[in-house]
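So this block is work18.pdb, PDB, C-alpha atoms and all ligand atoms:
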```pdb
ATOM      1  CA  MET A 608       1.950 -39.049  13.519
ATOM      2  CA  THR A 609       2.785 -37.186  10.277
ATOM      3  CA  PRO A 610       5.426 -34.513  10.969
ATOM      4  CA  THR A 611       4.359 -30.919  10.231
ATOM      5  CA  VAL A 612       6.244 -29.517   7.251
ATOM      6  CA  VAL A 613       7.165 -25.884   7.870
ATOM      7  CA  ALA A 614       7.770 -23.900   4.664
ATOM      8  CA  ASP A 615      11.285 -22.392   4.530
ATOM      9  CA  PRO A 616      10.749 -18.593   4.507
ATOM     10  CA  PHE A 617      13.881 -18.203   2.344
ATOM     11  CA  VAL A 618      12.668 -20.444  -0.481
ATOM     12  CA  PRO A 619      10.535 -18.683  -3.110
ATOM     13  CA  ALA A 620       7.530 -20.554  -4.478
ATOM     14  CA  PRO A 621       6.886 -20.416  -8.240
ATOM     15  CA  TYR A 622       3.972 -18.185  -9.284
ATOM     16  CA  ARG A 623       2.608 -17.652 -12.798
ATOM     17  CA  VAL A 624       1.605 -14.224 -14.112
ATOM     18  CA  ALA A 625      -2.084 -14.730 -14.885
ATOM     19  CA  GLN A 626      -2.912 -11.161 -15.908
ATOM     20  CA  VAL A 627      -1.143  -7.858 -16.481
ATOM     21  CA  ARG A 628      -2.757  -4.430 -16.455
ATOM     22  CA  ARG A 629      -0.663  -1.436 -17.566
ATOM     23  CA  GLU A 630      -1.706   1.308 -15.131
ATOM     24  CA  THR A 631       0.543   4.169 -16.258
ATOM     25  CA  ARG A 632       3.700   4.721 -18.334
ATOM     26  CA  ASP A 633       5.890   2.956 -15.727
ATOM     27  CA  VAL A 634       3.462   1.050 -13.462
ATOM     28  CA  ALA A 635       1.915  -2.388 -14.018
ATOM     29  CA  THR A 636      -0.459  -4.458 -11.908
ATOM     30  CA  LEU A 637       0.175  -8.209 -12.003
ATOM     31  CA  GLU A 638      -2.130 -10.995 -10.910
ATOM     32  CA  LEU A 639      -0.027 -13.951  -9.723
ATOM     33  CA  CYS A 640      -1.291 -17.515  -9.245
ATOM     34  CA  PRO A 641       0.637 -20.297  -7.482
ATOM     35  CA  THR A 642       1.744 -23.031  -9.910
ATOM     36  CA  ALA A 643       0.591 -25.554  -7.260
ATOM     37  CA  GLY A 644      -1.793 -25.336  -4.294
ATOM     38  CA  GLU A 645      -3.485 -22.296  -2.759
ATOM     39  CA  ARG A 646      -1.973 -18.919  -2.092
ATOM     40  CA  PRO A 647      -1.541 -18.196   1.646
ATOM     41  CA  ALA A 648      -4.010 -15.714   3.186
ATOM     42  CA  PHE A 649      -2.843 -12.147   3.763
ATOM     43  CA  GLN A 650      -3.936  -9.060   5.634
ATOM     44  CA  PRO A 651      -4.194  -5.586   4.076
ATOM     45  CA  GLY A 652      -0.831  -3.820   4.472
ATOM     46  CA  GLN A 653       1.369  -6.927   4.151
ATOM     47  CA  PHE A 654       3.930  -7.519   1.391
ATOM     48  CA  ASN A 655       5.563 -10.355  -0.534
ATOM     49  CA  MET A 656       9.147 -10.711  -1.738
ATOM     50  CA  LEU A 657       9.029 -11.100  -5.549
ATOM     51  CA  TYR A 658      12.025 -12.754  -7.194
ATOM     52  CA  ALA A 659      12.883 -12.140 -10.857
ATOM     53  CA  PHE A 660      15.032 -15.183 -11.594
ATOM     54  CA  GLY A 661      18.695 -14.306 -12.036
ATOM     55  CA  VAL A 662      18.066 -10.600 -11.403
ATOM     56  CA  GLY A 663      17.022 -10.133  -7.794
ATOM     57  CA  GLU A 664      14.287  -9.867  -5.222
ATOM     58  CA  VAL A 665      12.205  -6.867  -4.069
ATOM     59  CA  ALA A 666       9.511  -6.270  -1.459
ATOM     60  CA  ILE A 667       6.177  -5.496  -3.115
ATOM     61  CA  SER A 668       2.957  -4.770  -1.220
ATOM     62  CA  MET A 669      -0.265  -6.618  -1.816
ATOM     63  CA  SER A 670      -2.600  -4.407  -3.811
ATOM     64  CA  GLY A 671      -5.492  -6.818  -4.358
ATOM     65  CA  ASP A 672      -8.611  -7.866  -2.487
ATOM     66  CA  PRO A 673      -7.725 -10.084   0.500
ATOM     67  CA  ALA A 674     -11.086 -11.860   0.135
ATOM     68  CA  ARG A 675     -10.357 -12.904  -3.464
ATOM     69  CA  MET A 676      -8.618 -16.234  -3.049
ATOM     70  CA  GLY A 677      -6.584 -17.946  -5.748
ATOM     71  CA  SER A 678      -4.179 -15.142  -6.629
ATOM     72  CA  TYR A 679      -2.117 -12.255  -5.305
ATOM     73  CA  VAL A 680      -2.248  -8.842  -6.961
ATOM     74  CA  HIS A 681       0.822  -6.571  -6.949
ATOM     75  CA  THR A 682       1.358  -3.130  -8.453
ATOM     76  CA  VAL A 683       4.954  -2.443  -9.457
ATOM     77  CA  ARG A 684       6.677   0.746 -10.622
ATOM     78  CA  ASN A 685       9.740   0.372 -12.826
ATOM     79  CA  VAL A 686      12.426   2.307 -10.926
ATOM     80  CA  GLY A 687      15.413  -0.046 -11.178
ATOM     81  CA  ALA A 688      16.885  -3.383 -12.190
ATOM     82  CA  VAL A 689      14.477  -5.742 -10.426
ATOM     83  CA  SER A 690      11.294  -3.681 -10.512
ATOM     84  CA  GLY A 691      11.962  -2.997 -14.219
ATOM     85  CA  VAL A 692      12.013  -6.717 -15.051
ATOM     86  CA  ILE A 693       8.937  -7.481 -12.924
ATOM     87  CA  ALA A 694       6.891  -4.566 -14.291
ATOM     88  CA  ALA A 695       7.649  -5.775 -17.849
ATOM     89  CA  LEU A 696       6.546  -9.408 -17.297
ATOM     90  CA  ARG A 697       3.885 -10.794 -19.614
ATOM     91  CA  GLU A 698       1.059 -13.280 -19.008
ATOM     92  CA  GLY A 699       2.451 -16.793 -18.547
ATOM     93  CA  ALA A 700       5.824 -15.702 -17.097
ATOM     94  CA  ILE A 701       7.011 -17.400 -13.900
ATOM     95  CA  LEU A 702       8.547 -15.618 -10.921
ATOM     96  CA  GLY A 703       9.452 -16.571  -7.351
ATOM     97  CA  LEU A 704       7.428 -15.395  -4.379
ATOM     98  CA  ARG A 705       8.001 -15.500  -0.604
ATOM     99  CA  GLY A 706       5.499 -14.225   1.904
ATOM    100  CA  PRO A 707       3.277 -12.751   3.080
ATOM    101  CA  PHE A 708       5.311 -10.687   5.567
ATOM    102  CA  GLY A 709       4.821  -7.699   7.829
ATOM    103  CA  THR A 710       2.178  -5.940   9.860
ATOM    104  CA  ALA A 711      -1.322  -4.977   8.743
ATOM    105  CA  TRP A 712      -3.415  -1.810   8.557
ATOM    106  CA  PRO A 713      -5.560  -1.423  11.723
ATOM    107  CA  SER A 714      -8.847  -2.365  10.034
ATOM    108  CA  GLN A 715     -10.268  -3.901  13.212
ATOM    109  CA  THR A 716      -9.122  -1.094  15.537
ATOM    110  CA  ALA A 717     -10.893   1.268  13.131
ATOM    111  CA  GLU A 718     -14.299  -0.393  13.541
ATOM    112  CA  GLY A 719     -16.801   2.135  14.917
ATOM    113  CA  CYS A 720     -14.534   5.027  13.841
ATOM    114  CA  ASP A 721     -14.263   7.349  10.871
ATOM    115  CA  VAL A 722     -11.557   6.060   8.516
ATOM    116  CA  VAL A 723      -9.308   8.531   6.703
ATOM    117  CA  ILE A 724      -7.092   7.017   4.004
ATOM    118  CA  VAL A 725      -4.433   9.279   2.491
ATOM    119  CA  ALA A 726      -2.374   8.016  -0.456
ATOM    120  CA  GLY A 727       0.435   9.632  -2.408
ATOM    121  CA  GLY A 728       1.356   8.231  -5.848
ATOM    122  CA  LEU A 729       2.088   4.509  -5.737
ATOM    123  CA  GLY A 730       1.059   4.591  -2.041
ATOM    124  CA  LEU A 731      -2.502   3.848  -3.140
ATOM    125  CA  ALA A 732      -1.382   0.273  -3.950
ATOM    126  CA  PRO A 733      -0.692  -0.888  -0.349
ATOM    127  CA  LEU A 734      -3.857   0.915   0.817
ATOM    128  CA  ARG A 735      -6.163  -0.656  -1.756
ATOM    129  CA  PRO A 736      -6.601  -3.953   0.192
ATOM    130  CA  ALA A 737      -7.634  -1.884   3.250
ATOM    131  CA  ILE A 738     -10.164  -0.007   1.089
ATOM    132  CA  TYR A 739     -11.609  -3.320  -0.168
ATOM    133  CA  HIS A 740     -11.761  -4.552   3.436
ATOM    134  CA  VAL A 741     -13.640  -1.559   4.883
ATOM    135  CA  LEU A 742     -15.999  -1.238   1.901
ATOM    136  CA  ALA A 743     -16.916  -4.924   2.218
ATOM    137  CA  ARG A 744     -17.875  -4.240   5.860
ATOM    138  CA  ARG A 745     -19.209  -0.727   5.313
ATOM    139  CA  GLU A 746     -21.712  -0.874   8.192
ATOM    140  CA  ARG A 747     -18.917  -1.306  10.744
ATOM    141  CA  TYR A 748     -17.330   2.086  10.064
ATOM    142  CA  GLY A 749     -18.299   5.754  10.350
ATOM    143  CA  ARG A 750     -17.351   8.101   7.513
ATOM    144  CA  ILE A 751     -14.874   6.764   4.991
ATOM    145  CA  VAL A 752     -12.664   9.451   3.472
ATOM    146  CA  ILE A 753     -10.141   8.637   0.722
ATOM    147  CA  LEU A 754      -7.684  11.371  -0.289
ATOM    148  CA  TYR A 755      -5.352  10.620  -3.198
ATOM    149  CA  GLY A 756      -2.618  12.802  -4.650
ATOM    150  CA  THR A 757      -0.380  12.158  -7.662
ATOM    151  CA  ARG A 758       2.155  14.204  -9.608
ATOM    152  CA  SER A 759      -0.013  14.478 -12.743
ATOM    153  CA  PRO A 760      -3.296  13.108 -14.136
ATOM    154  CA  ALA A 761      -1.269  10.539 -16.118
ATOM    155  CA  ASP A 762       0.024   9.041 -12.839
ATOM    156  CA  ILE A 763      -3.416   8.191 -11.411
ATOM    157  CA  LEU A 764      -3.716   4.460 -10.652
ATOM    158  CA  TYR A 765      -6.851   2.287 -10.782
ATOM    159  CA  HIS A 766      -8.910   4.809 -12.792
ATOM    160  CA  ARG A 767     -12.007   2.672 -13.252
ATOM    161  CA  GLU A 768     -12.072   1.646  -9.630
ATOM    162  CA  ILE A 769     -11.748   5.235  -8.400
ATOM    163  CA  GLU A 770     -14.708   6.104 -10.632
ATOM    164  CA  ARG A 771     -16.674   3.244  -9.049
ATOM    165  CA  TRP A 772     -15.838   4.386  -5.518
ATOM    166  CA  ARG A 773     -16.779   7.950  -6.499
ATOM    167  CA  ARG A 774     -20.253   6.806  -7.575
ATOM    168  CA  ARG A 775     -20.946   5.369  -4.093
ATOM    169  CA  LEU A 776     -22.888   7.686  -1.795
ATOM    170  CA  ASP A 777     -21.205   6.333   1.335
ATOM    171  CA  VAL A 778     -17.554   7.176   0.535
ATOM    172  CA  ASP A 779     -15.947  10.631   0.268
ATOM    173  CA  ILE A 780     -13.157  10.465  -2.262
ATOM    174  CA  SER A 781     -11.027  13.370  -3.470
ATOM    175  CA  VAL A 782      -8.183  13.258  -5.974
ATOM    176  CA  THR A 783      -5.615  16.000  -6.479
ATOM    177  CA  VAL A 784      -2.595  16.424  -8.776
ATOM    178  CA  ASP A 785       0.557  18.483  -8.293
ATOM    179  CA  HIS A 786       0.634  19.535 -11.956
ATOM    180  CA  ALA A 787      -2.554  19.714 -14.017
ATOM    181  CA  ASP A 788      -2.788  19.383 -17.802
ATOM    182  CA  PRO A 789      -5.553  20.822 -20.015
ATOM    183  CA  SER A 790      -7.643  17.638 -19.597
ATOM    184  CA  TRP A 791      -7.752  17.994 -15.793
ATOM    185  CA  HIS A 792     -10.649  19.823 -14.125
ATOM    186  CA  GLY A 793     -10.153  18.544 -10.585
ATOM    187  CA  ASN A 794      -8.150  19.626  -7.524
ATOM    188  CA  VAL A 795      -4.594  20.900  -7.959
ATOM    189  CA  GLY A 796      -2.094  20.964  -5.091
ATOM    190  CA  VAL A 797      -0.654  18.688  -2.447
ATOM    191  CA  VAL A 798      -2.884  16.063  -0.860
ATOM    192  CA  THR A 799      -2.552  17.602   2.625
ATOM    193  CA  LYS A 800      -4.667  20.547   1.371
ATOM    194  CA  LEU A 801      -7.687  18.230   1.166
ATOM    195  CA  ILE A 802      -7.589  17.286   4.858
ATOM    196  CA  ALA A 803      -9.103  20.457   6.357
ATOM    197  CA  ARG A 804     -12.266  20.212   4.222
ATOM    198  CA  SER A 805     -12.869  16.482   4.681
ATOM    199  CA  GLY A 806     -15.329  16.706   7.563
ATOM    200  CA  PHE A 807     -14.369  13.661   9.667
ATOM    201  CA  ASP A 808     -14.558  13.554  13.455
ATOM    202  CA  PRO A 809     -10.914  13.840  14.614
ATOM    203  CA  ASN A 810     -11.650  12.302  18.006
ATOM    204  CA  SER A 811     -13.058   9.179  16.420
ATOM    205  CA  THR A 812     -10.796   8.810  13.392
ATOM    206  CA  ILE A 813      -8.233   6.195  12.428
ATOM    207  CA  ALA A 814      -5.968   7.441   9.636
ATOM    208  CA  MET A 815      -3.904   5.286   7.269
ATOM    209  CA  ILE A 816      -1.205   6.951   5.166
ATOM    210  CA  CYS A 817       1.084   5.633   2.433
ATOM    211  CA  GLY A 818       3.291   7.513   0.005
ATOM    212  CA  PRO A 819       6.741   9.064  -0.240
ATOM    213  CA  GLU A 820       8.233   9.648   3.214
ATOM    214  CA  VAL A 821       8.072  13.437   2.993
ATOM    215  CA  MET A 822       4.388  13.253   2.023
ATOM    216  CA  MET A 823       3.662  10.956   4.997
ATOM    217  CA  ARG A 824       5.474  13.315   7.391
ATOM    218  CA  PHE A 825       3.456  16.330   6.244
ATOM    219  CA  THR A 826       0.198  14.374   6.136
ATOM    220  CA  ALA A 827       0.653  13.087   9.692
ATOM    221  CA  MET A 828       1.379  16.637  10.874
ATOM    222  CA  ALA A 829      -1.672  17.994   9.018
ATOM    223  CA  LEU A 830      -3.843  15.311  10.632
ATOM    224  CA  ASN A 831      -2.438  16.304  14.053
ATOM    225  CA  GLU A 832      -3.334  19.926  13.262
ATOM    226  CA  ALA A 833      -6.854  18.782  12.315
ATOM    227  CA  GLY A 834      -7.126  17.195  15.792
ATOM    228  CA  VAL A 835      -6.279  13.532  15.079
ATOM    229  CA  SER A 836      -3.868  12.336  17.780
ATOM    230  CA  SER A 837      -0.670  10.553  16.703
ATOM    231  CA  ASP A 838      -1.742   7.237  18.229
ATOM    232  CA  ARG A 839      -4.635   7.144  15.733
ATOM    233  CA  VAL A 840      -2.389   7.649  12.687
ATOM    234  CA  TYR A 841      -0.697   4.717  10.889
ATOM    235  CA  LEU A 842       1.934   4.837   8.125
ATOM    236  CA  SER A 843       3.500   2.225   5.866
ATOM    237  CA  MET A 844       7.289   2.511   5.819
ATOM    238  CA  GLU A 845       9.741   1.346   3.139
ATOM    239  CA  ARG A 846      13.381   0.343   3.514
ATOM    240  CA  ASN A 847      15.625  -1.954   1.473
ATOM    241  CA  MET A 848      14.791  -5.553   2.280
ATOM    242  CA  LYS A 849      16.867  -8.709   2.034
ATOM    243  CA  CYS A 850      15.672 -11.503   4.338
ATOM    244  CA  ALA A 851      12.216 -10.035   5.192
ATOM    245  CA  ILE A 852      12.124 -12.075   8.411
ATOM    246  CA  GLY A 853      14.085  -9.928  10.857
ATOM    247  CA  LEU A 854      17.508 -11.580  10.493
ATOM    248  CA  CYS A 855      19.778  -9.499   8.237
ATOM    249  CA  GLY A 856      19.286  -5.960   9.578
ATOM    250  CA  HIS A 857      19.000  -4.389   6.108
ATOM    251  CA  CYS A 858      15.655  -2.769   6.885
ATOM    252  CA  GLN A 859      16.627  -1.285  10.251
ATOM    253  CA  PHE A 860      14.695   1.868  11.161
ATOM    254  CA  GLY A 861      15.910   3.168  14.530
ATOM    255  CA  PRO A 862      15.394   0.285  16.975
ATOM    256  CA  SER A 863      12.880  -1.455  14.668
ATOM    257  CA  PHE A 864      13.078  -3.689  11.620
ATOM    258  CA  ILE A 865      10.574  -2.628   8.976
ATOM    259  CA  CYS A 866      10.107  -6.215   7.764
ATOM    260  CA  LYS A 867       8.761  -7.540  11.062
ATOM    261  CA  ASP A 868       7.777  -4.456  13.142
ATOM    262  CA  GLY A 869       6.353  -2.827   9.989
ATOM    263  CA  PRO A 870       5.731  -1.890   7.297
ATOM    264  CA  VAL A 871       2.581  -0.500   8.966
ATOM    265  CA  MET A 872       3.622   1.463  12.050
ATOM    266  CA  ARG A 873       1.842   3.825  14.441
ATOM    267  CA  TYR A 874       2.922   7.436  14.058
ATOM    268  CA  ASP A 875       3.408   8.200  17.776
ATOM    269  CA  ARG A 876       5.924   5.329  17.947
ATOM    270  CA  ILE A 877       8.063   6.513  15.020
ATOM    271  CA  ALA A 878       7.483  10.285  14.786
ATOM    272  CA  GLU A 879      10.847  11.127  16.351
ATOM    273  CA  ILE A 880      12.820   8.874  14.008
ATOM    274  CA  LEU A 881      10.729   9.880  10.987
ATOM    275  CA  ALA A 882      11.686  13.503  11.639
ATOM    276  CA  VAL A 883      15.346  12.582  10.938
ATOM    277  CA  ARG A 884      15.496  12.579   7.157
ATOM    278  CA  GLU A 885      18.497  10.342   6.428
ATOM    279  CA  ILE A 886      17.817   7.534   8.874
TER     280      ILE A 886
HETATM  281  C1  LIG B   1       7.415  -2.990   2.516
HETATM  282  C2  LIG B   1       7.699  -2.514   1.123
HETATM  283  C3  LIG B   1       6.673  -2.482   0.197
HETATM  284  C4  LIG B   1       6.922  -2.050  -1.107
HETATM  285  N1  LIG B   1       5.886  -2.058  -1.982
HETATM  286  C5  LIG B   1       6.120  -1.700  -3.265
HETATM  287  C6  LIG B   1       5.059  -1.764  -4.214
HETATM  288  O1  LIG B   1       3.920  -2.134  -3.904
HETATM  289  N2  LIG B   1       5.346  -1.434  -5.500
HETATM  290  C7  LIG B   1       6.611  -1.019  -5.892
HETATM  291  O2  LIG B   1       6.807  -0.729  -7.078
HETATM  292  N3  LIG B   1       7.621  -0.949  -5.007
HETATM  293  C8  LIG B   1       7.422  -1.280  -3.710
HETATM  294  N4  LIG B   1       8.453  -1.240  -2.813
HETATM  295  C9  LIG B   1       9.791  -0.825  -3.294
HETATM  296  C10 LIG B   1      10.552  -2.046  -3.865
HETATM  297  O3  LIG B   1      10.779  -2.999  -2.849
HETATM  298  C11 LIG B   1      11.930  -1.670  -4.431
HETATM  299  O4  LIG B   1      12.663  -0.914  -3.515
HETATM  300  C12 LIG B   1      11.819  -0.890  -5.711
HETATM  301  O5  LIG B   1      11.024  -1.627  -6.630
HETATM  302  C13 LIG B   1      13.208  -0.649  -6.340
HETATM  303  O6  LIG B   1      13.876  -1.853  -6.518
HETATM  304  P1  LIG B   1      14.885  -2.098  -7.745
HETATM  305  O7  LIG B   1      15.814  -3.164  -7.309
HETATM  306  O8  LIG B   1      14.147  -2.267  -8.998
HETATM  307  O9  LIG B   1      15.650  -0.716  -7.877
HETATM  308  P2  LIG B   1      17.029  -0.284  -7.224
HETATM  309  O10 LIG B   1      18.101  -0.766  -8.105
HETATM  310  O11 LIG B   1      17.029  -0.626  -5.772
HETATM  311  O12 LIG B   1      16.873   1.290  -7.331
HETATM  312  C14 LIG B   1      16.997   2.007  -8.538
HETATM  313  C15 LIG B   1      16.785   3.474  -8.275
HETATM  314  O13 LIG B   1      15.438   3.731  -7.860
HETATM  315  C16 LIG B   1      15.409   4.382  -6.588
HETATM  316  N5  LIG B   1      14.329   3.779  -5.843
HETATM  317  C17 LIG B   1      14.393   2.673  -5.077
HETATM  318  N6  LIG B   1      13.194   2.399  -4.546
HETATM  319  C18 LIG B   1      12.349   3.358  -5.007
HETATM  320  C19 LIG B   1      10.980   3.626  -4.819
HETATM  321  N7  LIG B   1      10.207   2.851  -4.033
HETATM  322  N8  LIG B   1      10.430   4.700  -5.470
HETATM  323  C20 LIG B   1      11.190   5.500  -6.247
HETATM  324  N9  LIG B   1      12.510   5.299  -6.456
HETATM  325  C21 LIG B   1      13.077   4.255  -5.830
HETATM  326  C22 LIG B   1      16.751   4.099  -5.967
HETATM  327  O14 LIG B   1      17.108   5.135  -5.051
HETATM  328  C23 LIG B   1      17.669   4.028  -7.168
HETATM  329  O15 LIG B   1      18.057   5.325  -7.554
HETATM  330  C24 LIG B   1       8.227  -1.638  -1.502
HETATM  331  C25 LIG B   1       9.257  -1.657  -0.554
HETATM  332  C26 LIG B   1       8.999  -2.073   0.740
HETATM  333  C27 LIG B   1      10.111  -2.099   1.732
HETATM  334  S1  LIG B   2      15.021  -7.399   5.699
HETATM  335 FE1  LIG B   2      16.380  -8.536   6.953
HETATM  336  S2  LIG B   2      15.968  -7.785   8.944
HETATM  337 FE2  LIG B   2      14.438  -6.861   7.714
END
```

As structure tokens, please, write out the structure in this file.
Ligand SMILES: Cc1cc2nc3c(=O)[nH]c(=O)nc-3n(C[C@H](O)[C@H](O)[C@H](O)COP(=O)(O)OP(=O)(O)OC[C@H]3O[C@@H](n4cnc5c(N)ncnc54)[C@H](O)[C@@H]3O)c2cc1C
Ligand code: FES
Amino acid sequence: MTPTVVADPFVPAPYRVAQVRRETRDVATLELCPTAGERPAFQPGQFNMLYAFGVGEVAISMSGDPARMGSYVHTVRNVGAVSGVIAALREGAILGLRGPFGTAWPSQTAEGCDVVIVAGGLGLAPLRPAIYHVLARRERYGRIVILYGTRSPADILYHREIERWRRRLDVDISVTVDHADPSWHGNVGVVTKLIARSGFDPNSTIAMICGPEVMMRFTAMALNEAGVSSDRVYLSMERNMKCAIGLCGHCQFGPSFICKDGPVMRYDRIAEILAVREI
């Protein structure tokens, strides 16, 4: 009998940058193809560890369509040493990749329910695979509401795609910015303001939230106020990662490890810890 070869989760596989799209001043979306074989399947909400050779490794969420085999898509903001190198990569560059890791958005639990997706800034990236998933199975869900807030119009990701979703008659999508410029004629203000007028059924809603922690806290509370119970609200958490497989403790969040118990976590299970800012 041929022995089963189990891939070492610590060893990055080489991936080639097949395409780069500059989204904003400091954000790029990269399409990555394995240099050999197929990419492993992933579920919306999961992340990979991307390794810039000689610089370091960071956790980056999937932002592409899970049904599109052949490549992974990641959206990276340049905020530091590693993300800066990765966001500046050009077509043809090679980087290391481990994954996929982590928990998924509750796309199946949400079947038969209204789905409310609330994204802040770069938080739209980890939610985009869930949007692809529910739109590809549109008949299985009730209302689909997408609420997206960014600091300014220049920070809006995936412009063309948002326009495409907007043209659909079966999705309610609203975008808001904290600070408008003269070119902006849309909503101004924090994304939580959009919740009250979204018209979903709170008793039959599953909500998915991703963004800065303070935004997620206020969004979860606003959803509670709108009648959505905490056990129907899911958030994607971020902490510094090292091993990504539950061994090193770097990503500890109360009694949980974000790399294996998250990043997607149910609000009622973490609300108490999330209320403590520095944890
Ligand atoms: C599960 C998970 C998913 C993630 N998904 C993505 C993703 O899809 N795209 C992405 O760009 N990043 C994502 N991140 C964040 C990413 O892993 C890194 O933390 C980030 O890129 C900074 O790494 P760095 O080494 O370049 O910067 P560092 O040297 O660690 O930090 C430089 C500076 O930036 C600040 N900083 C660190 N992280 C962030 C942040 N996320 N936003 C703003 N400022 C920050 C630090 O406080 C520090 O001041 C994710 C993290 C986790 C845990
Ligand atoms: S990153 Fe090592 S335990 Fe989570």

For each of A:Val689, A:Ala827, A:Leu702, A:Ile751, take the minimum atom-to-atom distance to Gly719 (chain A), counting only C-alpha atoms, then give the residue where this is smallest.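 Smallest distance to Gly719 (chain A) is found for A:Ile751.
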
Out of A:Arg629, A:His766, A:Arg771, A:Arg824, which residue has the shortest atom-to-atom distance to Val883 (chain A) when counting all atoms listed in the file?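 That would be A:Arg824, the residue with the smallest distance to Val883 (chain A).
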
Return as CSV the residues of chain A lying at most 9 Å from ligand LIG 1 (chain B), together with the closest atom-to-atom pair for each and the distance in Å to one decimal, counting all atoms listed in the file, with rows in chain order and ascending residue number.
```
residue,atom,partner,partner_atom,distance
A:Val634,CA,B:LIG1,O2,7.4
A:Ala635,CA,B:LIG1,O2,8.7
A:Gly652,CA,B:LIG1,C1,8.5
A:Gln653,CA,B:LIG1,C1,7.4
A:Phe654,CA,B:LIG1,C1,5.8
A:Asn655,CA,B:LIG1,C3,8.0
A:Met656,CA,B:LIG1,O3,8.0
A:Leu657,CA,B:LIG1,O3,8.7
A:Val662,CA,B:LIG1,O7,8.8
A:Gly663,CA,B:LIG1,O7,7.1
A:Glu664,CA,B:LIG1,O7,7.2
A:Val665,CA,B:LIG1,O3,4.3
A:Ala666,CA,B:LIG1,O3,3.8
A:Ile667,CA,B:LIG1,N1,3.6
A:Ser668,CA,B:LIG1,O1,3.9
A:Met669,CA,B:LIG1,O1,6.5
A:Ser670,CA,B:LIG1,O1,6.9
A:His681,CA,B:LIG1,O1,6.2
A:Thr682,CA,B:LIG1,N2,5.2
A:Val683,CA,B:LIG1,O2,3.5
A:Arg684,CA,B:LIG1,O2,3.8
A:Asn685,CA,B:LIG1,O8,6.4
A:Val686,CA,B:LIG1,O13,4.5
A:Gly687,CA,B:LIG1,O8,3.4
A:Ala688,CA,B:LIG1,O8,4.4
A:Val689,CA,B:LIG1,O8,3.8
A:Ser690,CA,B:LIG1,O8,3.5
A:Gly691,CA,B:LIG1,O8,5.7
A:Val692,CA,B:LIG1,O8,7.8
A:Ile693,CA,B:LIG1,O8,8.4
A:Ala694,CA,B:LIG1,O2,8.2
A:Phe708,CA,B:LIG1,C1,8.5
A:Gly709,CA,B:LIG1,C1,7.6
A:Leu729,CA,B:LIG1,N2,6.8
A:Gly730,CA,B:LIG1,O1,7.5
A:Leu731,CA,B:LIG1,O1,8.8
A:Ala732,CA,B:LIG1,O1,5.8
A:Pro733,CA,B:LIG1,O1,6.0
A:Pro819,CA,B:LIG1,N8,7.7
A:Ser843,CA,B:LIG1,C1,7.3
A:Met844,CA,B:LIG1,C1,6.4
A:Glu845,CA,B:LIG1,C27,3.7
A:Arg846,CA,B:LIG1,C27,4.5
A:Asn847,CA,B:LIG1,C27,5.5
A:Met848,CA,B:LIG1,C27,5.8
A:Ala851,CA,B:LIG1,C27,8.9
A:Cys858,CA,B:LIG1,C27,7.6
A:Ile865,CA,B:LIG1,C1,7.2
A:Cys866,CA,B:LIG1,C1,6.7
A:Gly869,CA,B:LIG1,C1,7.5
A:Pro870,CA,B:LIG1,C1,5.2
A:Val871,CA,B:LIG1,C1,8.4
```

Residue nearest ligand LIG 2 (chain B) - candidates A:Ile724, A:Ile852, A:Leu754, A:Ala711, atoms counted: all atoms listed in the file: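 Residue with the minimum atom-to-atom distance to ligand LIG 2 (chain B): A:Ile852.
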
Return the single residue from A:Val840, A:Cys640, A:Ala761, A:Ala833 that is closest to Val722 (chain A), with distances computed using only C-alpha atoms. A:Val840

Closest to Ser678 (chain A) among A:Ala648, A:Ile701, A:Ala659, A:Ala829, using only C-alpha atoms?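 Among A:Ala648, A:Ile701, A:Ala659, A:Ala829, it is A:Ala648 that comes nearest to Ser678 (chain A).
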
Can you tell me which residues surround Met822 (chain A) at a distance of at most 12 Å, considering all atoms listed in the file, apart from same-chain residues fewer than 2 positions away, and format the answer as a list of chain:residue names?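 Counting all atoms listed in the file, the residues come to A:Val725, A:Ala726, A:Gly727, A:Gly728, A:Leu729, A:Gly730, A:Tyr755, A:Gly756, A:Thr757, A:Arg758, A:Val797, A:Val798, A:Thr799, A:Lys800, A:Ile816, A:Cys817, A:Gly818, A:Pro819, A:Glu820, A:Arg824, A:Phe825, A:Thr826, A:Ala827, A:Met828, A:Ala829, A:Leu842, A:Ser843, A:Met844, A:Leu881.
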
Between A:Leu776, A:Ile877, A:Leu854, A:Ala674, which has the minimum distance to ligand LIG 2 (chain B) (counting all atoms listed in the file)? A:Leu854

Padding 4 Å on every side, please: axis-aligned box over the listed atoms of ligand LIG 2 (chain B), centre and edge lengths to one decimal in Å, as AutoDock Vina command-line options.
```
--center_x 15.4 --center_y -7.7 --center_z 7.3 --size_x 9.9 --size_y 9.7 --size_z 11.2
```

As an exercise, work out the distance from CA of Arg628 (chain A) to CA of Gly671 (chain A) in Å and give it to one decimal place. 12.6 Å

Report as an NGL selection string all protein, DNA and RNA residues lying within 9 Å of Arg623 (chain A), evaluated on all atoms listed in the file, omitting residues in the same chain fewer than 3 positions from it. :A and (638-642 or 698-703)

For the structure shown, which residues end up in the PyMOL selection byres (((chain A and resi 777-783) around 9) and not hetatm)? Put them as a ChimeraX atom specification, please? /A:742,745,750-760,763,769,772-776,784-785,787,793-798,801,805

Measure the distance from CA of Pro736 (chain A) to CA of Gly853 (chain A) in Å and round it to one decimal. 24.0 Å

Can you turn the PyMOL selection byres (((chain A and resi 676) around 9) and not hetatm) into a concrete residue list for this file, as a CSV table (one decimal) with C-alpha atoms, in the coordinates of the input?
```csv
chain,number,residue,atom,x,y,z
A,645,GLU,CA,-3.5,-22.3,-2.8
A,646,ARG,CA,-2.0,-18.9,-2.1
A,647,PRO,CA,-1.5,-18.2,1.6
A,648,ALA,CA,-4.0,-15.7,3.2
A,672,ASP,CA,-8.6,-7.9,-2.5
A,673,PRO,CA,-7.7,-10.1,0.5
A,674,ALA,CA,-11.1,-11.9,0.1
A,675,ARG,CA,-10.4,-12.9,-3.5
A,677,GLY,CA,-6.6,-17.9,-5.7
A,678,SER,CA,-4.2,-15.1,-6.6
A,679,TYR,CA,-2.1,-12.3,-5.3
```
